[in-house]
Amino acid sequence: MQNKSIKKNLPKYREIEEDLRYKILFGLWKPGNQILTEDELCKIYQVSRITIRKAIHELENAGYLVRHTGKGTFVTDWQDNTPESPTLKSFTNEMYELGKKAVTIDVELVVTEADRIMAGILNIPVGDRIIQLKRVRAIEGGVIIGYSINSFPFTSDFSTDPNDYYASFYEYLGTFGIFFKSSKAYLEAMLPSAEVAEKLRISPLDPVLKSVKISHSIDRLFAEYNICYYIGSEYRYYVQQ
């Protein structure tokens with residue numbers, strides 16, 4: 001699941017923080033579970049105790065872990081504590097609100113099988129088929145903004161023709177009665193992998209904003225997992241409070 005070329009661009013404690021956060025987000029460590037000790041984590045990642053403590057401290061500040069003196073560190077009920085986006089917006093709607101028209105300039109579609117991690121995210125059995133949709137997003141005029149990877153359960157109703165996914169993905173799902181209200185998400189800045197840099201047509205030294213999002217339909221029967229890499233110099237993320 002992790003992209004090694006991306007991780008090499010992160011400080012060591014951030015690399016470890018991301019690995020541990022993935023274990024929590026993807027259900028490998030569940031709320032209430034005690035995580036490994038600092039000594040065990042030091043051996044696994046081959047780093048100092050200071051580095052491990054810094055990674056754990058970041059996850060504590062983010063609300064994923066809580067430390068109980070004399071007992072250890074435990075996973076919190078992070079799904080209850082993590083704020084949800086009040087309204088789930090598509091890239092198309094985001095650009096529209098900024099007075100720009102969104103376009104898709106490249107689409108790749110792959111039908112594959114869900115591994116244990118992806119099955120946990122999408123709440124489906126391991127081995128079930130999923131669709132992975134890879135799209136390069138831009139605004140009218142050809143200015144590339146982002147590269148997104150959407151993963152969602154396969155059904156015979158969904159088209160496997162990439163040409164059917166050039167318009168808004170969420171509007172497409174809406175034609176099947178699938179609507180989203182909110183999502184769990186986080187953002188982080190990093191340097192792109194070779195694949196991401198090539199898709200975005202930027203240098204591997206140009207920073208990107210990585211968005212990781214897990215969304216559920218209003219009836220909670222359909223889940224979608226999205227990773228999107230935005231060009232730092234072209235995209236702004238706005239928070240409304």
# chains A, B, ... in the order shown; residues from 1 in each chain; ligands from 1
>>> residues_around(residues="Asn123 of chain A", least_positions_apart="3", cutoff="9 Å", atoms="only C-alpha atoms", output="ChimeraX atom specification")
/A:118-120,221-223
>>> select_by_dssp(residues="segment 101-223 of chain A", states="alpha helix (DSSP H)", output="list in words")
Arg116, Ile117, Met118, Ala119, Gly120, Ile121, Leu122, Phe169, Tyr170, Glu171, Tyr172, Leu173, Gly174, Ala194, Glu195, Val196, Ala197, Glu198, Lys199 and Leu200 of chain A
>>> write_last_selection(atoms="N, CA and C atoms", output="PDB file, in the first residue's frame")
ATOM      1  N   ARG A 116      -6.304  -7.412   1.805  1.00  0.00           N
ATOM      2  CA  ARG A 116      -6.874  -7.309   3.148  1.00  0.00           C
ATOM      3  C   ARG A 116      -7.099  -5.857   3.565  1.00  0.00           C
ATOM      4  N   ILE A 117      -6.147  -4.999   3.237  1.00  0.00           N
ATOM      5  CA  ILE A 117      -6.269  -3.600   3.640  1.00  0.00           C
ATOM      6  C   ILE A 117      -7.409  -2.918   2.897  1.00  0.00           C
ATOM      7  N   MET A 118      -7.452  -3.081   1.564  1.00  0.00           N
ATOM      8  CA  MET A 118      -8.497  -2.423   0.792  1.00  0.00           C
ATOM      9  C   MET A 118      -9.874  -2.996   1.131  1.00  0.00           C
ATOM     10  N   ALA A 119      -9.938  -4.286   1.405  1.00  0.00           N
ATOM     11  CA  ALA A 119     -11.213  -4.892   1.801  1.00  0.00           C
ATOM     12  C   ALA A 119     -11.717  -4.272   3.100  1.00  0.00           C
ATOM     13  N   GLY A 120     -10.788  -4.008   4.030  1.00  0.00           N
ATOM     14  CA  GLY A 120     -11.172  -3.382   5.283  1.00  0.00           C
ATOM     15  C   GLY A 120     -11.680  -1.967   5.093  1.00  0.00           C
ATOM     16  N   ILE A 121     -11.045  -1.233   4.192  1.00  0.00           N
ATOM     17  CA  ILE A 121     -11.467   0.141   3.923  1.00  0.00           C
ATOM     18  C   ILE A 121     -12.864   0.178   3.320  1.00  0.00           C
ATOM     19  N   LEU A 122     -13.093  -0.686   2.337  1.00  0.00           N
ATOM     20  CA  LEU A 122     -14.347  -0.660   1.585  1.00  0.00           C
ATOM     21  C   LEU A 122     -15.432  -1.542   2.201  1.00  0.00           C
ATOM     22  N   PHE A 169     -17.052  12.190 -11.142  1.00  0.00           N
ATOM     23  CA  PHE A 169     -17.205  10.820 -10.656  1.00  0.00           C
ATOM     24  C   PHE A 169     -18.413  10.713  -9.725  1.00  0.00           C
ATOM     25  N   TYR A 170     -18.587  11.694  -8.837  1.00  0.00           N
ATOM     26  CA  TYR A 170     -19.698  11.630  -7.895  1.00  0.00           C
ATOM     27  C   TYR A 170     -21.049  11.805  -8.595  1.00  0.00           C
ATOM     28  N   GLU A 171     -21.072  12.585  -9.647  1.00  0.00           N
ATOM     29  CA  GLU A 171     -22.309  12.693 -10.418  1.00  0.00           C
ATOM     30  C   GLU A 171     -22.610  11.372 -11.123  1.00  0.00           C
ATOM     31  N   TYR A 172     -21.571  10.676 -11.562  1.00  0.00           N
ATOM     32  CA  TYR A 172     -21.762   9.370 -12.191  1.00  0.00           C
ATOM     33  C   TYR A 172     -22.357   8.386 -11.188  1.00  0.00           C
ATOM     34  N   LEU A 173     -21.806   8.358  -9.964  1.00  0.00           N
ATOM     35  CA  LEU A 173     -22.353   7.465  -8.947  1.00  0.00           C
ATOM     36  C   LEU A 173     -23.789   7.839  -8.600  1.00  0.00           C
ATOM     37  N   GLY A 174     -24.098   9.126  -8.687  1.00  0.00           N
ATOM     38  CA  GLY A 174     -25.451   9.578  -8.399  1.00  0.00           C
ATOM     39  C   GLY A 174     -26.488   8.983  -9.330  1.00  0.00           C
ATOM     40  N   ALA A 194       7.906   9.151  -8.541  1.00  0.00           N
ATOM     41  CA  ALA A 194       8.183   9.306  -9.970  1.00  0.00           C
ATOM     42  C   ALA A 194       6.890   9.220 -10.775  1.00  0.00           C
ATOM     43  N   GLU A 195       6.005   8.280 -10.400  1.00  0.00           N
ATOM     44  CA  GLU A 195       4.737   8.129 -11.119  1.00  0.00           C
ATOM     45  C   GLU A 195       3.884   9.384 -11.005  1.00  0.00           C
ATOM     46  N   VAL A 196       3.760   9.900  -9.781  1.00  0.00           N
ATOM     47  CA  VAL A 196       2.929  11.089  -9.564  1.00  0.00           C
ATOM     48  C   VAL A 196       3.511  12.292 -10.290  1.00  0.00           C
ATOM     49  N   ALA A 197       4.833  12.470 -10.221  1.00  0.00           N
ATOM     50  CA  ALA A 197       5.479  13.591 -10.909  1.00  0.00           C
ATOM     51  C   ALA A 197       5.247  13.510 -12.410  1.00  0.00           C
ATOM     52  N   GLU A 198       5.312  12.292 -12.959  1.00  0.00           N
ATOM     53  CA  GLU A 198       5.085  12.128 -14.399  1.00  0.00           C
ATOM     54  C   GLU A 198       3.649  12.479 -14.772  1.00  0.00           C
ATOM     55  N   LYS A 199       2.685  12.015 -13.967  1.00  0.00           N
ATOM     56  CA  LYS A 199       1.280  12.301 -14.251  1.00  0.00           C
ATOM     57  C   LYS A 199       0.979  13.791 -14.158  1.00  0.00           C
ATOM     58  N   LEU A 200       1.596  14.448 -13.174  1.00  0.00           N
ATOM     59  CA  LEU A 200       1.343  15.872 -12.972  1.00  0.00           C
ATOM     60  C   LEU A 200       2.244  16.755 -13.833  1.00  0.00           C
TER      61      LEU A 200
END
>>> residues_around(residues="Cys228 of chain A", least_positions_apart="2", cutoff="10 Å", atoms="only C-alpha atoms", output="number ranges by chain")
A: 134-137, 146-150, 187, 196, 208-213, 226, 230-231
>>> write_last_selection(atoms="C-alpha atoms", output="PDB file, in the first residue's frame")
ATOM      1  CA  LYS A 134      -6.747   6.921 -12.041  1.00  0.00           C
ATOM      2  CA  ARG A 135      -7.404  10.375 -13.463  1.00  0.00           C
ATOM      3  CA  VAL A 136      -5.385  13.492 -14.240  1.00  0.00           C
ATOM      4  CA  ARG A 137      -7.506  16.526 -13.359  1.00  0.00           C
ATOM      5  CA  GLY A 146      -4.149  16.999  -9.530  1.00  0.00           C
ATOM      6  CA  TYR A 147      -3.823  13.251  -9.990  1.00  0.00           C
ATOM      7  CA  SER A 148      -6.502  11.175  -8.252  1.00  0.00           C
ATOM      8  CA  ILE A 149      -6.898   7.457  -7.573  1.00  0.00           C
ATOM      9  CA  ASN A 150     -10.429   6.348  -6.664  1.00  0.00           C
ATOM     10  CA  LEU A 187      -3.910  16.168   4.205  1.00  0.00           C
ATOM     11  CA  VAL A 196       2.929  11.089  -9.564  1.00  0.00           C
ATOM     12  CA  VAL A 208       2.474  18.242  -3.708  1.00  0.00           C
ATOM     13  CA  LEU A 209      -0.445  18.163  -1.298  1.00  0.00           C
ATOM     14  CA  LYS A 210      -1.624  14.600  -0.690  1.00  0.00           C
ATOM     15  CA  SER A 211      -5.278  14.146   0.273  1.00  0.00           C
ATOM     16  CA  VAL A 212      -6.414  10.789   1.670  1.00  0.00           C
ATOM     17  CA  LYS A 213     -10.174  10.365   1.979  1.00  0.00           C
ATOM     18  CA  ASN A 226      -9.568   8.297  -2.690  1.00  0.00           C
ATOM     19  CA  TYR A 230      -2.444  18.239  -5.892  1.00  0.00           C
ATOM     20  CA  ILE A 231       0.286  20.465  -7.327  1.00  0.00           C
TER      21      ILE A 231
END
>>> atom_distance(atom1="atom CA of Thr76 of chain A", atom2="atom CA of Tyr186 of chain A")
16.5 Å
>>> select_by_dssp(residues="segment 24-238 of chain A", states="strand (DSSP E or B)", output="PyMOL selection string")
chain A and resi 34+65-68+72-75+102-113+129-139+143-153+180-190+208-217+223-231
>>> closest_residue(among="A:Asp164, A:Trp78, A:Lys184, A:Ser233", to="Asn61 of chain A", atoms="only C-alpha atoms")
A:Trp78
>>> closest_residue(among="A:Arg49, A:Asp77, A:Tyr165, A:Ile139", to="Lys101 of chain A", atoms="only C-alpha atoms")
A:Ile139
>>> atom_distance(atom1="atom CA of Ser217 of chain A", atom2="atom CA of Lys181 of chain A")
6.7 Å
>>> residues_around(residues="segment 10-17 of chain A", least_positions_apart="5", cutoff="7 Å", atoms="only C-alpha atoms", output="list in words")
Thr51, Ile52, Lys54, Ala55, Ile56, Leu59 and Met190 of chain A
>>> residues_around(residues="Gln132 of chain A", least_positions_apart="5", cutoff="8 Å", atoms="only C-alpha atoms", output="MDAnalysis selection string")
chainID A and resid 109:112 149:152
